[in-house]
>>> print(open('entry16.cif').read())   # mmCIF, C-alpha atoms
data_input
#
loop_
_atom_site.group_PDB
_atom_site.id
_atom_site.type_symbol
_atom_site.label_atom_id
_atom_site.label_comp_id
_atom_site.auth_asym_id
_atom_site.auth_seq_id
_atom_site.Cartn_x
_atom_site.Cartn_y
_atom_site.Cartn_z
ATOM 1 C CA MET Y 1 1.273 -19.769 -4.532
ATOM 2 C CA SER Y 2 2.437 -16.225 -5.109
ATOM 3 C CA THR Y 3 0.672 -13.372 -3.352
ATOM 4 C CA GLY Y 4 2.408 -10.755 -5.464
ATOM 5 C CA THR Y 5 4.262 -7.911 -3.797
ATOM 6 C CA HIS Y 6 2.959 -8.993 -0.388
ATOM 7 C CA GLU Y 7 4.590 -12.413 -0.458
ATOM 8 C CA TYR Y 8 6.922 -12.973 2.494
ATOM 9 C CA ALA Y 9 8.624 -15.750 4.442
ATOM 10 C CA ASP Y 10 6.968 -16.777 7.700
ATOM 11 C CA ASP Y 11 8.895 -15.598 10.762
ATOM 12 C CA PRO Y 12 8.404 -17.669 13.935
ATOM 13 C CA ARG Y 13 8.816 -14.532 16.069
ATOM 14 C CA ASN Y 14 5.390 -13.368 14.910
ATOM 15 C CA ALA Y 15 3.716 -16.031 17.034
ATOM 16 C CA ASP Y 16 4.724 -14.063 20.138
ATOM 17 C CA VAL Y 17 4.178 -10.464 19.036
ATOM 18 C CA LEU Y 18 2.182 -8.132 21.232
ATOM 19 C CA ILE Y 19 -0.651 -6.269 19.540
ATOM 20 C CA SER Y 20 -2.041 -2.952 20.708
ATOM 21 C CA VAL Y 21 -5.834 -2.935 21.028
ATOM 22 C CA ASN Y 22 -7.039 0.472 22.211
ATOM 23 C CA GLY Y 23 -3.738 1.041 23.988
ATOM 24 C CA THR Y 24 -3.583 -2.334 25.739
ATOM 25 C CA LEU Y 25 -0.853 -4.749 24.651
ATOM 26 C CA VAL Y 26 -2.145 -8.291 24.264
ATOM 27 C CA SER Y 27 -0.860 -11.522 22.749
ATOM 28 C CA ARG Y 28 -1.782 -12.393 19.203
ATOM 29 C CA ASP Y 29 -4.390 -14.990 20.199
ATOM 30 C CA LYS Y 30 -6.138 -12.511 22.507
ATOM 31 C CA ALA Y 31 -6.170 -9.562 20.089
ATOM 32 C CA VAL Y 32 -9.899 -9.222 19.371
ATOM 33 C CA VAL Y 33 -12.536 -6.577 18.711
ATOM 34 C CA SER Y 34 -16.279 -6.686 19.304
ATOM 35 C CA VAL Y 35 -18.708 -8.133 16.767
ATOM 36 C CA PHE Y 36 -20.467 -4.760 17.169
ATOM 37 C CA ASP Y 37 -17.389 -2.853 15.997
ATOM 38 C CA SER Y 38 -18.014 -0.546 13.031
ATOM 39 C CA GLY Y 39 -15.084 -2.003 11.139
ATOM 40 C CA PHE Y 40 -16.338 -5.571 11.471
ATOM 41 C CA ILE Y 41 -19.964 -4.764 10.683
ATOM 42 C CA LEU Y 42 -19.472 -2.255 7.861
ATOM 43 C CA GLY Y 43 -15.817 -1.715 7.017
ATOM 44 C CA ASP Y 44 -16.280 1.746 8.524
ATOM 45 C CA GLY Y 45 -12.791 3.048 9.215
ATOM 46 C CA VAL Y 46 -9.419 3.993 7.789
ATOM 47 C CA TRP Y 47 -6.024 2.332 7.980
ATOM 48 C CA GLU Y 48 -2.328 2.647 7.168
ATOM 49 C CA GLY Y 49 0.519 0.271 6.436
ATOM 50 C CA LEU Y 50 3.818 1.393 7.981
ATOM 51 C CA ARG Y 51 7.380 0.202 7.428
ATOM 52 C CA VAL Y 52 9.902 -0.045 10.283
ATOM 53 C CA VAL Y 53 13.377 0.993 9.112
ATOM 54 C CA ASP Y 54 16.526 1.485 11.209
ATOM 55 C CA GLY Y 55 14.672 1.982 14.476
ATOM 56 C CA GLY Y 56 12.091 4.336 12.998
ATOM 57 C CA ILE Y 57 9.050 4.439 10.745
ATOM 58 C CA ALA Y 58 9.555 5.477 7.149
ATOM 59 C CA PHE Y 59 7.581 8.568 6.118
ATOM 60 C CA LEU Y 60 5.489 8.503 9.289
ATOM 61 C CA ASP Y 61 4.276 12.101 8.939
ATOM 62 C CA ALA Y 62 2.925 11.453 5.435
ATOM 63 C CA HIS Y 63 1.108 8.347 6.647
ATOM 64 C CA LEU Y 64 -0.466 10.225 9.542
ATOM 65 C CA ASP Y 65 -1.457 13.037 7.164
ATOM 66 C CA ARG Y 66 -3.320 10.488 5.032
ATOM 67 C CA LEU Y 67 -4.916 8.823 8.057
ATOM 68 C CA TRP Y 68 -6.251 12.130 9.398
ATOM 69 C CA GLU Y 69 -7.394 13.185 5.934
ATOM 70 C CA GLY Y 70 -9.385 9.951 5.627
ATOM 71 C CA ALA Y 71 -10.853 10.344 9.106
ATOM 72 C CA ARG Y 72 -12.018 13.869 8.271
ATOM 73 C CA ALA Y 73 -13.526 12.653 5.004
ATOM 74 C CA ILE Y 74 -15.722 10.116 6.822
ATOM 75 C CA ASP Y 75 -16.377 12.513 9.736
ATOM 76 C CA MET Y 76 -14.706 10.256 12.294
ATOM 77 C CA ASP Y 77 -12.942 11.380 15.471
ATOM 78 C CA ILE Y 78 -9.772 9.336 16.003
ATOM 79 C CA GLY Y 79 -9.791 10.371 19.651
ATOM 80 C CA LEU Y 80 -6.023 10.905 19.925
ATOM 81 C CA THR Y 81 -3.647 13.592 18.778
ATOM 82 C CA ARG Y 82 -1.048 12.737 16.168
ATOM 83 C CA ASP Y 83 1.659 12.749 18.828
ATOM 84 C CA GLN Y 84 -0.371 10.454 21.067
ATOM 85 C CA LEU Y 85 -0.983 7.981 18.264
ATOM 86 C CA ALA Y 86 2.678 8.051 17.210
ATOM 87 C CA ALA Y 87 3.700 7.414 20.823
ATOM 88 C CA ARG Y 88 1.332 4.454 21.007
ATOM 89 C CA ILE Y 89 2.851 2.980 17.843
ATOM 90 C CA PHE Y 90 6.398 3.364 19.152
ATOM 91 C CA ASP Y 91 5.397 1.900 22.517
ATOM 92 C CA CYS Y 92 4.099 -1.155 20.689
ATOM 93 C CA LEU Y 93 7.323 -1.493 18.716
ATOM 94 C CA ASP Y 94 9.390 -1.058 21.870
ATOM 95 C CA ALA Y 95 7.398 -3.751 23.689
ATOM 96 C CA ASN Y 96 8.186 -6.127 20.841
ATOM 97 C CA GLY Y 97 11.820 -5.091 20.516
ATOM 98 C CA MET Y 98 11.313 -4.261 16.848
ATOM 99 C CA THR Y 99 13.802 -1.947 15.163
ATOM 100 C CA ASP Y 100 13.952 -3.096 11.528
ATOM 101 C CA GLY Y 101 12.467 -5.551 9.059
ATOM 102 C CA ALA Y 102 8.942 -5.102 10.382
ATOM 103 C CA HIS Y 103 5.612 -3.984 8.971
ATOM 104 C CA ILE Y 104 2.744 -2.394 10.899
ATOM 105 C CA ARG Y 105 -0.954 -2.465 10.132
ATOM 106 C CA LEU Y 106 -2.586 0.519 11.840
ATOM 107 C CA MET Y 107 -6.384 0.355 11.852
ATOM 108 C CA VAL Y 108 -8.875 2.908 13.135
ATOM 109 C CA THR Y 109 -12.623 2.236 13.054
ATOM 110 C CA ARG Y 110 -15.555 4.351 14.178
ATOM 111 C CA GLY Y 111 -15.982 2.145 17.247
ATOM 112 C CA ILE Y 112 -18.678 0.038 18.901
ATOM 113 C CA LYS Y 113 -22.286 0.310 17.756
ATOM 114 C CA LYS Y 114 -25.414 -0.093 19.826
ATOM 115 C CA THR Y 115 -26.922 -2.218 17.063
ATOM 116 C CA PRO Y 116 -25.700 -3.517 13.665
ATOM 117 C CA TYR Y 117 -26.702 -0.536 11.511
ATOM 118 C CA GLN Y 118 -24.790 1.810 9.240
ATOM 119 C CA ASP Y 119 -25.832 5.164 10.746
ATOM 120 C CA PRO Y 120 -22.817 6.623 12.628
ATOM 121 C CA ARG Y 121 -25.222 8.023 15.220
ATOM 122 C CA VAL Y 122 -25.711 4.546 16.713
ATOM 123 C CA THR Y 123 -22.022 4.418 17.632
ATOM 124 C CA ILE Y 124 -21.756 4.332 21.419
ATOM 125 C CA GLY Y 125 -18.023 4.385 22.078
ATOM 126 C CA PRO Y 126 -14.763 5.984 20.967
ATOM 127 C CA ALA Y 127 -12.805 4.930 17.910
ATOM 128 C CA THR Y 128 -11.222 1.482 17.943
ATOM 129 C CA ILE Y 129 -7.455 1.656 17.344
ATOM 130 C CA VAL Y 130 -5.514 -1.517 16.587
ATOM 131 C CA ILE Y 131 -1.770 -1.708 15.887
ATOM 132 C CA ILE Y 132 -0.442 -5.000 14.500
ATOM 133 C CA PRO Y 133 3.363 -5.170 14.112
ATOM 134 C CA GLU Y 134 4.891 -8.181 12.368
ATOM 135 C CA TYR Y 135 8.336 -9.234 11.254
ATOM 136 C CA LYS Y 136 7.795 -9.153 7.497
ATOM 137 C CA THR Y 137 10.046 -8.396 4.560
ATOM 138 C CA ALA Y 138 9.149 -8.653 0.907
ATOM 139 C CA SER Y 139 10.185 -11.791 -0.967
ATOM 140 C CA GLU Y 140 13.428 -11.225 -2.857
ATOM 141 C CA ASP Y 141 12.464 -13.993 -5.297
ATOM 142 C CA VAL Y 142 9.309 -12.118 -6.285
ATOM 143 C CA LYS Y 143 11.208 -8.852 -6.673
ATOM 144 C CA LYS Y 144 13.846 -10.618 -8.765
ATOM 145 C CA LYS Y 145 11.565 -12.383 -11.242
ATOM 146 C CA GLY Y 146 9.042 -9.534 -11.440
ATOM 147 C CA LEU Y 147 5.264 -9.605 -11.347
ATOM 148 C CA SER Y 148 2.665 -10.745 -13.817
ATOM 149 C CA LEU Y 149 -0.417 -8.518 -14.029
ATOM 150 C CA PHE Y 150 -3.845 -9.144 -15.506
ATOM 151 C CA THR Y 151 -6.228 -6.373 -16.519
ATOM 152 C CA VAL Y 152 -9.543 -7.018 -14.791
ATOM 153 C CA HIS Y 153 -13.090 -5.894 -15.584
ATOM 154 C CA VAL Y 154 -13.514 -4.364 -12.104
ATOM 155 C CA ARG Y 155 -13.080 -0.605 -12.516
ATOM 156 C CA ARG Y 156 -11.897 2.064 -10.124
ATOM 157 C CA THR Y 157 -14.864 4.195 -9.155
ATOM 158 C CA ALA Y 158 -15.200 7.926 -9.740
ATOM 159 C CA PRO Y 159 -14.885 10.437 -6.882
ATOM 160 C CA ASP Y 160 -18.662 10.962 -6.850
ATOM 161 C CA MET Y 161 -19.185 7.244 -6.191
ATOM 162 C CA GLN Y 162 -16.644 5.864 -3.687
ATOM 163 C CA ASP Y 163 -13.619 8.133 -3.843
ATOM 164 C CA GLN Y 164 -10.576 5.940 -4.437
ATOM 165 C CA LYS Y 165 -8.364 8.372 -2.528
ATOM 166 C CA LEU Y 166 -10.034 7.190 0.676
ATOM 167 C CA ASN Y 167 -7.988 4.429 2.354
ATOM 168 C CA SER Y 168 -11.048 2.827 3.912
ATOM 169 C CA HIS Y 169 -11.468 -0.597 5.478
ATOM 170 C CA SER Y 170 -13.983 -1.391 2.769
ATOM 171 C CA LYS Y 171 -11.794 -2.766 -0.046
ATOM 172 C CA LEU Y 172 -14.281 -5.034 -1.802
ATOM 173 C CA ASN Y 173 -13.627 -3.682 -5.289
ATOM 174 C CA CYS Y 174 -9.903 -4.375 -4.837
ATOM 175 C CA ILE Y 175 -10.657 -7.837 -3.438
ATOM 176 C CA LEU Y 176 -12.838 -8.678 -6.457
ATOM 177 C CA ALA Y 177 -10.070 -7.442 -8.754
ATOM 178 C CA CYS Y 178 -7.522 -9.561 -6.884
ATOM 179 C CA ILE Y 179 -9.746 -12.645 -7.212
ATOM 180 C CA GLN Y 180 -10.143 -12.181 -10.969
ATOM 181 C CA ALA Y 181 -6.395 -11.734 -11.458
ATOM 182 C CA THR Y 182 -5.662 -14.810 -9.336
ATOM 183 C CA LYS Y 183 -8.155 -16.896 -11.341
ATOM 184 C CA ALA Y 184 -6.339 -15.746 -14.483
ATOM 185 C CA GLY Y 185 -3.026 -16.967 -13.038
ATOM 186 C CA ALA Y 186 -1.529 -13.520 -12.428
ATOM 187 C CA ASP Y 187 0.124 -12.062 -9.333
ATOM 188 C CA GLU Y 188 -1.939 -8.879 -9.134
ATOM 189 C CA ALA Y 189 -4.694 -7.017 -10.937
ATOM 190 C CA LEU Y 190 -4.247 -3.995 -13.186
ATOM 191 C CA MET Y 191 -7.324 -1.799 -12.892
ATOM 192 C CA LEU Y 192 -8.720 0.771 -15.313
ATOM 193 C CA ASP Y 193 -10.646 3.960 -14.641
ATOM 194 C CA PRO Y 194 -14.274 4.388 -15.786
ATOM 195 C CA ASP Y 195 -13.094 5.556 -19.240
ATOM 196 C CA GLY Y 196 -10.725 2.628 -19.754
ATOM 197 C CA ALA Y 197 -7.467 4.438 -19.033
ATOM 198 C CA VAL Y 198 -4.911 2.712 -16.796
ATOM 199 C CA ALA Y 199 -5.433 3.634 -13.150
ATOM 200 C CA THR Y 200 -3.614 1.450 -10.621
ATOM 201 C CA CYS Y 201 -3.307 -2.088 -9.282
ATOM 202 C CA ASN Y 202 -5.487 -3.729 -6.648
ATOM 203 C CA SER Y 203 -2.913 -3.211 -3.863
ATOM 204 C CA THR Y 204 -0.080 -1.202 -5.432
ATOM 205 C CA HIS Y 205 0.487 1.759 -7.763
ATOM 206 C CA PHE Y 206 1.495 1.187 -11.372
ATOM 207 C CA PHE Y 207 4.238 2.869 -13.413
ATOM 208 C CA ILE Y 208 5.678 2.370 -16.868
ATOM 209 C CA VAL Y 209 8.912 3.589 -18.457
ATOM 210 C CA ARG Y 210 8.990 4.659 -22.121
ATOM 211 C CA ASP Y 211 12.135 6.051 -23.757
ATOM 212 C CA GLY Y 212 13.612 6.858 -20.357
ATOM 213 C CA GLU Y 213 10.482 8.723 -19.223
ATOM 214 C CA VAL Y 214 8.470 7.496 -16.228
ATOM 215 C CA TRP Y 215 4.672 7.536 -16.510
ATOM 216 C CA THR Y 216 1.966 6.918 -13.937
ATOM 217 C CA SER Y 217 -1.755 7.674 -13.939
ATOM 218 C CA ASP Y 218 -3.084 11.148 -13.218
ATOM 219 C CA GLY Y 219 -3.971 9.916 -9.734
ATOM 220 C CA LEU Y 220 -7.677 10.744 -9.763
ATOM 221 C CA TYR Y 221 -8.738 7.117 -9.504
ATOM 222 C CA CYS Y 222 -6.165 5.793 -7.092
ATOM 223 C CA LEU Y 223 -5.170 6.079 -3.472
ATOM 224 C CA GLY Y 224 -2.810 8.912 -2.616
ATOM 225 C CA GLY Y 225 0.130 6.524 -2.318
ATOM 226 C CA ILE Y 226 3.022 7.491 -0.067
ATOM 227 C CA THR Y 227 5.543 5.421 -2.039
ATOM 228 C CA ARG Y 228 4.041 6.681 -5.303
ATOM 229 C CA ALA Y 229 4.544 10.291 -4.193
ATOM 230 C CA ASN Y 230 8.114 9.591 -3.119
ATOM 231 C CA VAL Y 231 8.954 7.987 -6.473
ATOM 232 C CA LEU Y 232 7.595 11.061 -8.254
ATOM 233 C CA ARG Y 233 9.696 13.251 -5.940
ATOM 234 C CA LEU Y 234 12.817 11.159 -6.563
ATOM 235 C CA CYS Y 235 12.347 11.441 -10.320
ATOM 236 C CA ARG Y 236 12.055 15.220 -10.148
ATOM 237 C CA ASP Y 237 15.002 15.559 -7.761
ATOM 238 C CA ASN Y 238 17.268 13.338 -9.882
ATOM 239 C CA ASP Y 239 16.503 14.621 -13.386
ATOM 240 C CA ILE Y 240 14.482 11.570 -14.391
ATOM 241 C CA PRO Y 241 11.656 12.720 -16.691
ATOM 242 C CA VAL Y 242 8.294 11.867 -15.112
ATOM 243 C CA ARG Y 243 4.677 12.460 -16.075
ATOM 244 C CA GLU Y 244 1.362 11.964 -14.315
ATOM 245 C CA LYS Y 245 -0.989 11.418 -17.229
ATOM 246 C CA ARG Y 246 -3.711 9.271 -18.689
ATOM 247 C CA PHE Y 247 -2.567 6.405 -20.889
ATOM 248 C CA SER Y 248 -3.938 3.176 -22.308
ATOM 249 C CA LEU Y 249 -3.030 -0.489 -22.376
ATOM 250 C CA VAL Y 250 -1.385 0.016 -25.779
ATOM 251 C CA ASP Y 251 1.148 2.252 -24.024
ATOM 252 C CA VAL Y 252 1.637 -0.415 -21.363
ATOM 253 C CA TYR Y 253 2.162 -3.349 -23.718
ATOM 254 C CA SER Y 254 4.886 -1.472 -25.630
ATOM 255 C CA ALA Y 255 6.635 -0.030 -22.558
ATOM 256 C CA ASP Y 256 10.360 -0.527 -21.956
ATOM 257 C CA GLU Y 257 9.839 -1.198 -18.249
ATOM 258 C CA ALA Y 258 7.015 -1.381 -15.747
ATOM 259 C CA PHE Y 259 6.969 -1.480 -11.976
ATOM 260 C CA VAL Y 260 4.625 -1.149 -9.026
ATOM 261 C CA THR Y 261 5.073 0.666 -5.733
ATOM 262 C CA GLY Y 262 3.832 0.144 -2.191
ATOM 263 C CA THR Y 263 4.851 0.608 1.417
ATOM 264 C CA PHE Y 264 5.500 -3.080 2.035
ATOM 265 C CA ALA Y 265 7.793 -3.937 -0.879
ATOM 266 C CA GLY Y 266 8.904 -0.543 -2.166
ATOM 267 C CA LEU Y 267 9.463 -0.892 -5.933
ATOM 268 C CA THR Y 268 8.860 -4.210 -7.709
ATOM 269 C CA ALA Y 269 9.400 -4.803 -11.420
ATOM 270 C CA VAL Y 270 6.588 -6.063 -13.659
ATOM 271 C CA ARG Y 271 7.651 -8.714 -16.150
ATOM 272 C CA GLU Y 272 4.383 -9.121 -18.074
ATOM 273 C CA VAL Y 273 0.903 -7.661 -18.438
ATOM 274 C CA ASP Y 274 -1.924 -9.718 -19.948
ATOM 275 C CA GLY Y 275 0.622 -12.198 -21.285
ATOM 276 C CA ARG Y 276 2.690 -9.509 -23.021
ATOM 277 C CA VAL Y 277 6.326 -9.459 -21.948
ATOM 278 C CA ILE Y 278 7.319 -5.949 -20.912
ATOM 279 C CA GLY Y 279 10.517 -4.670 -22.499
ATOM 280 C CA THR Y 280 13.385 -6.862 -23.603
ATOM 281 C CA PRO Y 281 14.504 -9.262 -20.870
ATOM 282 C CA PRO Y 282 18.260 -9.052 -20.210
ATOM 283 C CA PRO Y 283 20.247 -12.256 -20.626
ATOM 284 C CA ASP Y 284 20.309 -14.275 -17.412
ATOM 285 C CA SER Y 285 24.086 -14.098 -17.450
ATOM 286 C CA ASP Y 286 23.902 -10.303 -17.152
ATOM 287 C CA HIS Y 287 21.569 -10.008 -14.177
ATOM 288 C CA ASP Y 288 21.112 -13.589 -12.916
ATOM 289 C CA GLY Y 289 17.493 -13.606 -14.059
ATOM 290 C CA ASP Y 290 16.653 -10.279 -12.395
ATOM 291 C CA ARG Y 291 13.903 -8.625 -14.477
ATOM 292 C CA THR Y 292 14.402 -5.157 -12.980
ATOM 293 C CA GLY Y 293 15.088 -2.605 -15.720
ATOM 294 C CA PRO Y 294 17.741 0.126 -15.432
ATOM 295 C CA VAL Y 295 15.378 3.005 -14.569
ATOM 296 C CA THR Y 296 13.485 0.880 -12.048
ATOM 297 C CA ARG Y 297 16.769 -0.305 -10.560
ATOM 298 C CA ARG Y 298 18.020 3.258 -10.116
ATOM 299 C CA LEU Y 299 14.765 4.434 -8.549
ATOM 300 C CA ASN Y 300 14.720 1.425 -6.229
ATOM 301 C CA ALA Y 301 18.168 2.312 -4.895
ATOM 302 C CA LEU Y 302 17.198 5.961 -4.474
ATOM 303 C CA TYR Y 303 14.002 4.975 -2.673
ATOM 304 C CA LYS Y 304 15.748 2.670 -0.196
ATOM 305 C CA ASP Y 305 18.155 5.451 0.685
ATOM 306 C CA LEU Y 306 15.313 7.965 1.065
ATOM 307 C CA ALA Y 307 13.317 5.625 3.334
ATOM 308 C CA ARG Y 308 16.276 5.306 5.694
ATOM 309 C CA ARG Y 309 17.002 9.040 5.673
ATOM 310 C CA GLU Y 310 13.355 9.935 6.324
ATOM 311 C CA SER Y 311 12.644 7.330 8.968
ATOM 312 C CA VAL Y 312 11.009 8.994 11.997
ATOM 313 C CA ARG Y 313 12.312 7.793 15.356
ATOM 314 C CA PRO Y 314 10.726 8.132 18.790
ATOM 315 C CA VAL Y 315 11.484 11.372 20.624
#
>>> encode(input="entry16.cif", output="structure tokens")
Amino acid sequence: MSTGTHEYADDPRNADVLISVNGTLVSRDKAVVSVFDSGFILGDGVWEGLRVVDGGIAFLDAHLDRLWEGARAIDMDIGLTRDQLAARIFDCLDANGMTDGAHIRLMVTRGIKKTPYQDPRVTIGPATIVIIPEYKTASEDVKKKGLSLFTVHVRRTAPDMQDQKLNSHSKLNCILACIQATKAGADEALMLDPDGAVATCNSTHFFIVRDGEVWTSDGLYCLGGITRANVLRLCRDNDIPVREKRFSLVDVYSADEAFVTGTFAGLTAVREVDGRVIGTPPPDSDHDGDRTGPVTRRLNALYKDLARRESVRPV
């Protein structure tokens, strides 16, 4: 069963990884948090996914910017400085001997509560900080054949409801979208904004290519994606026309190419949306069945190079 862009091959080394729980390194089977933790009870917290590249972490500063922005938005004190948190992450990587081909889930919740209730004032301890590093690389088979997307009825909410720019632990709308897409036989969900314009996917950002021009949503109804921002930057720096704009499914179905972006897999081509084949598939003899279009292929190469050049290493 495909899990879309997050599909990966199991690595036996992950059975022995050490996980950082509030600064203490523990084995995977002993990495636990309290049932009174704000994240467990309410999904009250923020998180980041980080990619380990060439001994460093790709775009670490941008990820920490987003983490601190989210913490401020929910009025939560992380309890560490940026440098202290970065040091803790690198200490965890060092303890595991990880230098490449790894993915980190960094989670920060409001902490332990006196009683199971939503009011932050019943929190009785500091923030809970968990760092889970794993040996994980995106499936090359999935990237080669491309994704199938299904447009779901679950909408992205407006900023005056639950602001979609907030990378919170509470991801229920994305989970419901993922379930609907899976039931429809697709890899991931394509989600619309409240007016029916294309917004994003349930776990990645969505782009199309039309007549050599790259389009993505205006960004109001989606997370401030780090990979998304870097793709926009790469387009502008390499004379690839790019637009952040509102567009509809009619624009998607007639696109020349489509792709999604995310920290884990980078850029992944989309082969079909709602049963419509995107673009004209190249003959298998030309690309060995690879559904990646020429603009997506160029951006993918540029992105891989950028991630290595902008990988932050421990001081």
>>> closest_residue(input="entry16.cif", among="Y:Arg121, Y:His63, Y:Arg156, Y:Arg246", to="Cys201 (chain Y)", atoms="all atoms listed in the file")
Y:Arg156
>>> closest_atom_pairs(input="entry16.cif", of="region 19-95 of chain Y", to="region 166-183 of chain Y", cutoff="8 Å", atoms="all atoms listed in the file", output="CSV")
residue,atom,partner,partner_atom,distance
Y:Gly39,CA,Y:His169,CA,6.9
Y:Leu42,CA,Y:Ser170,CA,7.5
Y:Gly43,CA,Y:Ser170,CA,4.6
Y:Asp44,CA,Y:His169,CA,6.2
Y:Gly45,CA,Y:His169,CA,5.4
Y:Val46,CA,Y:Ser168,CA,4.4
Y:Trp47,CA,Y:Asn167,CA,6.3
Y:Glu48,CA,Y:Asn167,CA,7.6
Y:Leu67,CA,Y:Asn167,CA,7.8
Y:Gly70,CA,Y:Leu166,CA,5.7
Y:Ala73,CA,Y:Leu166,CA,7.8
>>> atom_distance(input="entry16.cif", atom1="CA of Gly262 (chain Y)", atom2="CA of Met98 (chain Y)")
20.9 Å
>>> closest_atom_pairs(input="entry16.cif", of="region 201-263 of chain Y", to="region 1-25 of chain Y", cutoff="9 Å", atoms="only C-alpha atoms", output="Markdown table")
| residue | atom | partner | partner_atom | distance |
| --- | --- | --- | --- | --- |
| Y:Ser203 | CA | Y:Thr5 | CA | 8.6 |
| Y:Thr204 | CA | Y:Thr5 | CA | 8.2 |
| Y:Val260 | CA | Y:Thr5 | CA | 8.6 |
| Y:Thr261 | CA | Y:Thr5 | CA | 8.8 |
| Y:Gly262 | CA | Y:Thr5 | CA | 8.2 |
>>> residues_around(input="entry16.cif", residues="Gly146 (chain Y)", least_positions_apart="2", cutoff="10 Å", atoms="all atoms listed in the file", output="ChimeraX atom specification")
/Y:4-5,140-144,148-149,187,258-260,268-272,289-292
>>> resolve_selection(input="entry16.cif", expression="the PyMOL selection byres ((chain Y and resi 314) around 8)", output="ChimeraX atom specification")
/Y:56,87,90,312-313,315
>>> closest_atom_pairs(input="entry16.cif", of="region 245-291 of chain Y", to="region 125-137 of chain Y", cutoff="12 Å", atoms="all atoms listed in the file", output="Markdown table")
| residue | atom | partner | partner_atom | distance |
| --- | --- | --- | --- | --- |
| Y:Thr263 | CA | Y:Thr137 | CA | 10.9 |
| Y:Phe264 | CA | Y:Thr137 | CA | 7.4 |
| Y:Ala265 | CA | Y:Thr137 | CA | 7.4 |
| Y:Gly266 | CA | Y:Thr137 | CA | 10.4 |
